[in-house]
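Beneath this line is the structure, given in structure tokens, with notes to follow.
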Amino acid sequence: MESAVAPTNALTLAQVAASGILLGGVYALLAGGLNLIFGVMRVINLAHGELLMLGAYAALGLFVLWGVPPLLALALIMPLLFGLGLLLQRLLVSRVVRQPPLTSLLLMFGVSLLLTGAAQQAFTTNFRSVPYLSGSVDVAGLALSLPRLVAFGVAAVLSAAVYAYLRWSRWGKALRATAQNPDVALMCGIDVDRARLLAFGLGAALAGAAGTLASFIFTIFPEMGGTYMLKGFAVIVLGGLGSFGGAFAGAVLLGLFESFAAYATNAQAAEGVAYVLLFLVLLVKPSGLFGLREG
Amino acid sequence: MTGFSRRRIVASAAATGGVAALALTGCGGAQGGGATGGTTSDKTPVRIGASVSATGSNGNIGRYQKEAYELWVEMVNQRGGLLGRPVEMTILDDQTDPTTGAKLYEKLITEDKVDLVLGPYASSVTLSASTVTEKYKYPLLAAGASASDIWKRNYKYVFGVYSVAESYFYGVIDLALKNNLKKIAIVNEDTVFPNATATGTAAYARQKGMQIVFQEKYPQKATDVSSMLTKIKAAVPEVLVGGSYEPDSMLITRQMKDLDVNVKMLAFSVGAANPDFQGSLGAVADHVFGPSMWEPDLKTPGNKEFLDAYKKKWSRDPDYHSATGFAGGQIMEAAVKKANSLDREKLREALSTLETTTILPGKYKVDDTGMQMGHIPVTIQWQGKEKAIVSPDNMATGKPKLPMPEWKAR
């Protein structure tokens with residue numbers, strides 16, 4: 001059934017746009033990490049959504065057990081997930097880095113299943129969320145969701161920090177060099193193995209951060225990784241594989257697009273429409289809206 | 001392809017397969033739960049099969065139903081079982097997936113050769129599983145389903161346990177009209193049960209002279225409904241009714257607060273009556289209405305005994321899905337007694353004409369399609385940390401509090 005005609009005016013449209021932009025925040029962190037891992041290692045981390053899920057449960061656990069607010073928990077969860085990323089890279093992923101894509105896909109899919117199953121056993125399938133922030137903030141007549149505003153802010157700051165790191169720090173340049181051409185990087189004296197460790201760890205840490213933010217905006221459940229993975233891929237295609245800054249822009253674009261599509265039609269059609277957009281981008285500019293690897 | 005080595009691919013596939021297999025067993029993909037007991041060990045056990053969502057989008061609620069089944073088995077065995085034979089029940093996990101549900105019932109009937117079956121959770125799974133049970137002529141008590149589509153197919157072996165989805169919000173609509181609220185918005189998840197709820201509610205609202213200012217569906221597993229809520233805000237309804245399951249009921253309520261969407265009366269079909277709703281949302285859940293098929297305060301026969309036994313066995317309070325599951329067992333027991341047989345044809349006959357009371361309000365009585373007619377749902381409202389039954393009058397424990405205060409005024 002179609003919705004009854006609701007009056008549309010500039011304020012309403014601005015509201016829809018604001019919701020869309022804020023929605024993009026969490027997507028951005030997730031896509032950023034995914035992108036980094038792919039850029040440096042040519043590995044598509046199919047378990048990335050599960051790393052987000054683990055971050056979300058960690059935030060939930062810290063909040064429920066010791067009353068740690070999620071924003072503070074970030075300081076604990078990011079290093080933890082970083083460590084987990086290092087472990088995964090050292091033990092598993094390093095063995096498939098120079099293999100055909102199918103190998104790494106299979107491996108990470110297996111890891112994803114393992115993590116989901118473990119979470120189902122450990123946490124049960126109940127839907128939970130962290131009742132941390134709620135309510136709306138009035139900005140120029142728009143009702144902005146407070147939790148989403150905060151999450152967006154954090155995501156933006158984290159993304160900017162990683163971008164700066166990649167652009168200007170020594171190891172950041174090493175990561176970019178490895179992404180461009182690992183053999184030449186090796187010849188230039190870059191410890192490529194270490195770069196890969198760093199990339200995976202950093203990517204995992206970003207996924208953990210995304211999960212921490214998601215814990216108080218969305219519902220947490222063991223299978224949640226899957227939905228975010230799809231969005232993550234959509235963001236990367238939109239923003240350009242390998243471009244970190246592009247991932248953020250792509251995420252905001254996806255959020256905007258989903259929001260407007262849901263407004264114009266209904267929430268159901270919006271899901272499909274986002275992927276139509278993907279097809280179009282892939283057809284017209286396969287390297288994404290922001291082109292090739294940069295930053 | 002350079003660097004391609006078949007051996008490497010096979011090795012990694014095998015490794016992944018091993019990992020995946022480990023993960024799946026860890027997942028408990030097919031859980032066997034046998035509940036045996038009884039002192040009549042010299043008779044062969046009666047084997048009952050069912051699948052219930054233990055994981056998946058409705059795993060939380062499915063578990064309540066599973067616990068109830070297991071409790072009923074324990075209690076019936078304490079009474080000597082069915083016709084003196086102990087009852088054993090196998091409960092598998094269908095993950096709220098209709099295709100899986102159908103496959104599992106097929107397996108239970110053809111491979112495990114169970115004697116009887118009980119229904120799964122959710123109308124969508126029941127709709128598909130009942131095709132299987134109908135084929136094999138196994139009477140199915142739909143202890144977890146209510147969409148009337150289940151009874152529109154001329155099936156002879158499916159029996160309802162509680163009110164159909166279409167009637168869920170009749171109590172809420174009546175309350176709204178009593179309080180002069182005329183403009184209503186209806187949203188629902190696009191699956192079997194919520195569609196049925198929305199259709200029935202819209203028809204009833206229209207019939208009673210309400211104005212439907214907004215109606216829309218949202219996808220299953222939706223994570224964001226802000227655009228829909230923005231449209232609702234613009235339409236200014238007085239009542240918002242959600243044909244929803246637990247996760248979306250919570251999502252919509254939270255997002256309403258975050259986007260400052262205010263209505264005078266808010267109701268959800270599923271989840272609102274569940275204790276976890278208030279547990280997760282806290283003060284945000286206050287003033288929300290919902291239909292309930294059973295409440296602990298009701299003075300129905302055997303209800304106190306059920307409550308005490310459930311709390312003792314499972315260390316938590318039952319929700320109404322536990323009660324409907326338990327009632328399913330009670331009805332089966334009554335039918336077996338009436339037919340004095342475990343023959344499935346005789347049971348079908350008995351279930352069609354049986355009238356009996358259970359812990360649910362009203363009584364068990366079906367029409368000639370097997371649809372439930374005698375059950376009476378109640379409407380609850382969260383008032384502080386407690387639920388009050390606000391309708392019907394003869395079962396009420398409190399008065400409805402209207403209108404719902406604005407989010408910013410709380």
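Convention: chains lettered A, B, ... in structure tokens order; per-chain residue numbering from 1; ligands numbered from 1 as shown.
Those residues that approach Ala396 in chain B to within 12 Å, counting only C-alpha atoms, are Gly171, Glu295, Asp297, Leu298, Lys299, Pro377, Val378, Thr379, Ile380, Gln381, Lys387, Ala388, Ile389, Val390, Ser391, Pro392, Asp393, Lys399 and Pro400 of chain B; same-chain residues fewer than 3 positions away are not listed.
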For Arg206 in chain B, find every residue with an atom within 12 Å (counting only C-alpha atoms), except residues of its own chain fewer than 4 positions away, and show them as JSON, numbers by chain. {"B": [170, 173, 177, 182, 183, 184, 185, 186, 198, 199, 200, 201, 202, 210, 211, 212, 213]}
From the options B:Gly84, B:Gly329, B:Gly271, B:Pro139, which residue's atoms come nearest to Gly370 in chain B, counting only C-alpha atoms? B:Pro139
Which range 155-236 of chain A residues have any atom within 10 Å of an atom of range 71-76 of chain A, and for each, what is the nearest pair of atoms with distance in Å to one decimal, counting only C-alpha atoms, rows sorted by chain and number, as JSON lines?
{"residue": "A:Ala205", "atom": "CA", "partner": "A:Leu74", "partner_atom": "CA", "distance": 9.5}
{"residue": "A:Gly208", "atom": "CA", "partner": "A:Leu74", "partner_atom": "CA", "distance": 8.2}
{"residue": "A:Ala209", "atom": "CA", "partner": "A:Leu74", "partner_atom": "CA", "distance": 6.2}
{"residue": "A:Ala210", "atom": "CA", "partner": "A:Leu74", "partner_atom": "CA", "distance": 9.5}
{"residue": "A:Gly211", "atom": "CA", "partner": "A:Leu74", "partner_atom": "CA", "distance": 9.6}
{"residue": "A:Thr212", "atom": "CA", "partner": "A:Leu74", "partner_atom": "CA", "distance": 6.7}
{"residue": "A:Leu213", "atom": "CA", "partner": "A:Leu71", "partner_atom": "CA", "distance": 7.8}
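With distances taken over only C-alpha atoms, A:Met108 is the one residue among A:Met108, A:Leu60, A:Leu166, A:Leu241 lying closest to chain B.
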Atomic separation - CA of Pro403 in chain B relative to CA of Lys264 in chain B, Å: 4.5 Å
Using only C-alpha atoms, which residues sit within 9 Å of Gly56 in chain B once same-chain residues fewer than 2 positions away are excluded, as a PyMOL selection string? (chain A and resi 125+223) or (chain B and resi 53-54+58-60+94-97)
Residue nearest chain B among A:Arg148, A:Arg90, A:His48, A:Arg167 (counting only C-alpha atoms):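 Ranked by minimum distance to chain B, first place goes to A:Arg148.
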Range 47-52 of chain B environment, 7 Å, only C-alpha atoms, sequence neighbours closer than 3 positions dropped, as a short mmCIF file (atom, residue, chain, number, x, y, z; two decimals) with all heavy atoms, in the first residue's frame:
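Here's the written file part_8.cif:
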data_model
loop_
_atom_site.label_atom_id
_atom_site.label_comp_id
_atom_site.auth_asym_id
_atom_site.auth_seq_id
_atom_site.Cartn_x
_atom_site.Cartn_y
_atom_site.Cartn_z
N GLY B 62 11.25 -17.10 19.97
CA GLY B 62 11.14 -18.53 19.71
C GLY B 62 11.58 -19.34 20.91
O GLY B 62 11.02 -20.40 21.21
N LYS B 66 9.92 -22.53 22.92
CA LYS B 66 10.62 -23.80 23.10
C LYS B 66 10.63 -24.20 24.57
O LYS B 66 10.38 -25.35 24.92
CB LYS B 66 12.05 -23.63 22.59
CG LYS B 66 12.92 -24.84 22.75
CD LYS B 66 14.23 -24.68 21.96
CE LYS B 66 14.98 -25.99 21.93
NZ LYS B 66 16.14 -26.02 22.79
N VAL B 87 6.06 -39.04 27.24
CA VAL B 87 6.20 -38.18 26.06
C VAL B 87 7.66 -37.78 25.89
O VAL B 87 8.34 -37.42 26.83
CB VAL B 87 5.34 -36.91 26.22
CG1 VAL B 87 5.58 -35.96 25.08
CG2 VAL B 87 3.88 -37.28 26.33
N GLU B 88 8.12 -37.88 24.66
CA GLU B 88 9.47 -37.41 24.32
C GLU B 88 9.32 -36.37 23.23
O GLU B 88 8.57 -36.59 22.28
CB GLU B 88 10.28 -38.57 23.73
CG GLU B 88 11.11 -39.32 24.73
CD GLU B 88 11.82 -40.48 24.06
OE1 GLU B 88 12.11 -40.41 22.84
OE2 GLU B 88 12.08 -41.47 24.77
N MET B 89 10.03 -35.26 23.36
CA MET B 89 9.87 -34.25 22.32
C MET B 89 11.20 -33.87 21.70
O MET B 89 12.19 -33.68 22.40
CB MET B 89 9.21 -33.01 22.92
CG MET B 89 8.80 -32.01 21.88
SD MET B 89 7.49 -30.94 22.48
CE MET B 89 7.30 -29.86 21.06
N THR B 90 11.23 -33.78 20.39
CA THR B 90 12.42 -33.33 19.68
C THR B 90 12.13 -31.95 19.11
O THR B 90 11.17 -31.79 18.35
CB THR B 90 12.72 -34.28 18.49
OG1 THR B 90 12.78 -35.62 19.00
CG2 THR B 90 14.04 -33.93 17.84
N ILE B 91 12.93 -30.97 19.48
CA ILE B 91 12.71 -29.61 18.99
C ILE B 91 13.93 -29.16 18.18
O ILE B 91 15.02 -29.07 18.71
CB ILE B 91 12.49 -28.64 20.16
CG1 ILE B 91 11.38 -29.15 21.07
CG2 ILE B 91 12.12 -27.26 19.63
CD1 ILE B 91 11.12 -28.29 22.27
N LEU B 92 13.70 -28.88 16.90
CA LEU B 92 14.80 -28.43 16.04
C LEU B 92 14.72 -26.92 15.84
O LEU B 92 13.72 -26.31 16.18
CB LEU B 92 14.70 -29.15 14.68
CG LEU B 92 14.70 -30.67 14.74
CD1 LEU B 92 14.51 -31.26 13.36
CD2 LEU B 92 15.98 -31.18 15.37
N ASP B 93 15.77 -26.34 15.26
CA ASP B 93 15.83 -24.89 15.08
C ASP B 93 15.62 -24.51 13.62
O ASP B 93 16.42 -24.86 12.77
CB ASP B 93 17.19 -24.38 15.58
CG ASP B 93 17.38 -22.89 15.34
OD1 ASP B 93 16.38 -22.18 15.09
OD2 ASP B 93 18.53 -22.43 15.40
N ASP B 94 14.55 -23.77 13.34
CA ASP B 94 14.31 -23.38 11.96
C ASP B 94 14.78 -21.96 11.63
O ASP B 94 14.61 -21.50 10.51
CB ASP B 94 12.81 -23.52 11.60
CG ASP B 94 11.93 -22.70 12.51
OD1 ASP B 94 12.29 -21.57 12.87
OD2 ASP B 94 10.84 -23.18 12.88
N GLY B 101 11.93 -24.44 7.97
CA GLY B 101 10.85 -25.01 8.77
C GLY B 101 10.18 -26.18 8.06
O GLY B 101 10.00 -27.26 8.62
N LEU B 104 12.42 -29.18 7.99
CA LEU B 104 12.57 -29.85 9.28
C LEU B 104 11.34 -30.69 9.62
O LEU B 104 11.47 -31.80 10.14
CB LEU B 104 12.84 -28.82 10.37
CG LEU B 104 14.23 -28.17 10.29
CD1 LEU B 104 14.39 -27.11 11.36
CD2 LEU B 104 15.33 -29.22 10.43
N TYR B 105 10.14 -30.16 9.32
CA TYR B 105 8.94 -30.97 9.60
C TYR B 105 8.91 -32.20 8.70
O TYR B 105 8.51 -33.29 9.12
CB TYR B 105 7.66 -30.13 9.45
CG TYR B 105 7.36 -29.35 10.71
CD1 TYR B 105 7.87 -28.06 10.88
CD2 TYR B 105 6.63 -29.91 11.75
CE1 TYR B 105 7.64 -27.36 12.04
CE2 TYR B 105 6.40 -29.21 12.93
CZ TYR B 105 6.92 -27.93 13.06
OH TYR B 105 6.69 -27.24 14.24
N LEU B 108 11.22 -34.57 10.38
CA LEU B 108 10.66 -35.13 11.61
C LEU B 108 9.62 -36.21 11.29
O LEU B 108 9.56 -37.25 11.94
CB LEU B 108 10.00 -34.02 12.44
CG LEU B 108 10.96 -33.08 13.18
CD1 LEU B 108 10.23 -31.83 13.64
CD2 LEU B 108 11.59 -33.78 14.37
N VAL B 114 8.09 -39.21 13.85
CA VAL B 114 7.44 -38.83 15.10
C VAL B 114 5.96 -39.19 15.03
O VAL B 114 5.39 -39.31 13.94
CB VAL B 114 7.59 -37.32 15.39
CG1 VAL B 114 9.06 -36.98 15.64
CG2 VAL B 114 7.04 -36.47 14.26
N ASP B 115 5.34 -39.34 16.21
CA ASP B 115 3.93 -39.69 16.24
C ASP B 115 3.05 -38.46 16.03
O ASP B 115 2.01 -38.52 15.38
CB ASP B 115 3.57 -40.32 17.60
CG ASP B 115 4.40 -41.56 17.87
OD1 ASP B 115 4.30 -42.51 17.07
OD2 ASP B 115 5.14 -41.58 18.87
N LEU B 116 3.46 -37.35 16.67
CA LEU B 116 2.66 -36.13 16.61
C LEU B 116 3.57 -34.93 16.39
O LEU B 116 4.78 -35.03 16.60
CB LEU B 116 1.91 -35.95 17.94
CG LEU B 116 0.95 -37.05 18.36
CD1 LEU B 116 0.48 -36.81 19.80
CD2 LEU B 116 -0.25 -37.12 17.43
N VAL B 117 2.97 -33.81 16.03
CA VAL B 117 3.76 -32.58 15.89
C VAL B 117 3.10 -31.43 16.63
O VAL B 117 1.88 -31.45 16.88
CB VAL B 117 3.94 -32.16 14.40
CG1 VAL B 117 4.84 -33.12 13.66
CG2 VAL B 117 2.60 -32.01 13.71
N LEU B 118 3.93 -30.44 16.97
CA LEU B 118 3.40 -29.16 17.48
C LEU B 118 3.99 -28.05 16.60
O LEU B 118 5.03 -28.25 15.97
CB LEU B 118 3.81 -28.95 18.94
CG LEU B 118 2.95 -29.70 19.98
CD1 LEU B 118 3.56 -29.56 21.36
CD2 LEU B 118 1.52 -29.15 19.99
N GLY B 119 3.33 -26.90 16.60
CA GLY B 119 3.67 -25.86 15.64
C GLY B 119 4.93 -25.06 15.94
O GLY B 119 5.39 -25.03 17.08
N PRO B 120 5.47 -24.37 14.90
CA PRO B 120 6.66 -23.54 15.07
C PRO B 120 6.27 -22.12 15.51
O PRO B 120 5.08 -21.85 15.70
CB PRO B 120 7.25 -23.50 13.66
CG PRO B 120 6.07 -23.60 12.76
CD PRO B 120 5.03 -24.41 13.50
N TYR B 121 7.28 -21.26 15.62
CA TYR B 121 6.98 -19.86 15.91
C TYR B 121 6.93 -19.08 14.59
O TYR B 121 7.74 -19.29 13.71
CB TYR B 121 8.02 -19.23 16.84
CG TYR B 121 7.73 -17.76 17.02
CD1 TYR B 121 6.54 -17.35 17.62
CD2 TYR B 121 8.58 -16.79 16.52
CE1 TYR B 121 6.23 -16.02 17.73
CE2 TYR B 121 8.26 -15.45 16.65
CZ TYR B 121 7.09 -15.08 17.25
OH TYR B 121 6.77 -13.74 17.36
#
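The list of residues with at least one atom within 7 Å of Thr300 in chain B, based on only C-alpha atoms and without residues fewer than 3 positions apart in the same chain, reads B:Asn303, B:Ile359, B:Leu360, B:Pro361.
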Report as JSON, numbers by chain all protein, DNA and RNA residues lying within 7 Å of Ala31 in chain A, evaluated on only C-alpha atoms, omitting residues in the same chain fewer than 3 positions from it. {"A": [27, 28, 34, 35, 232, 235, 236, 247]}
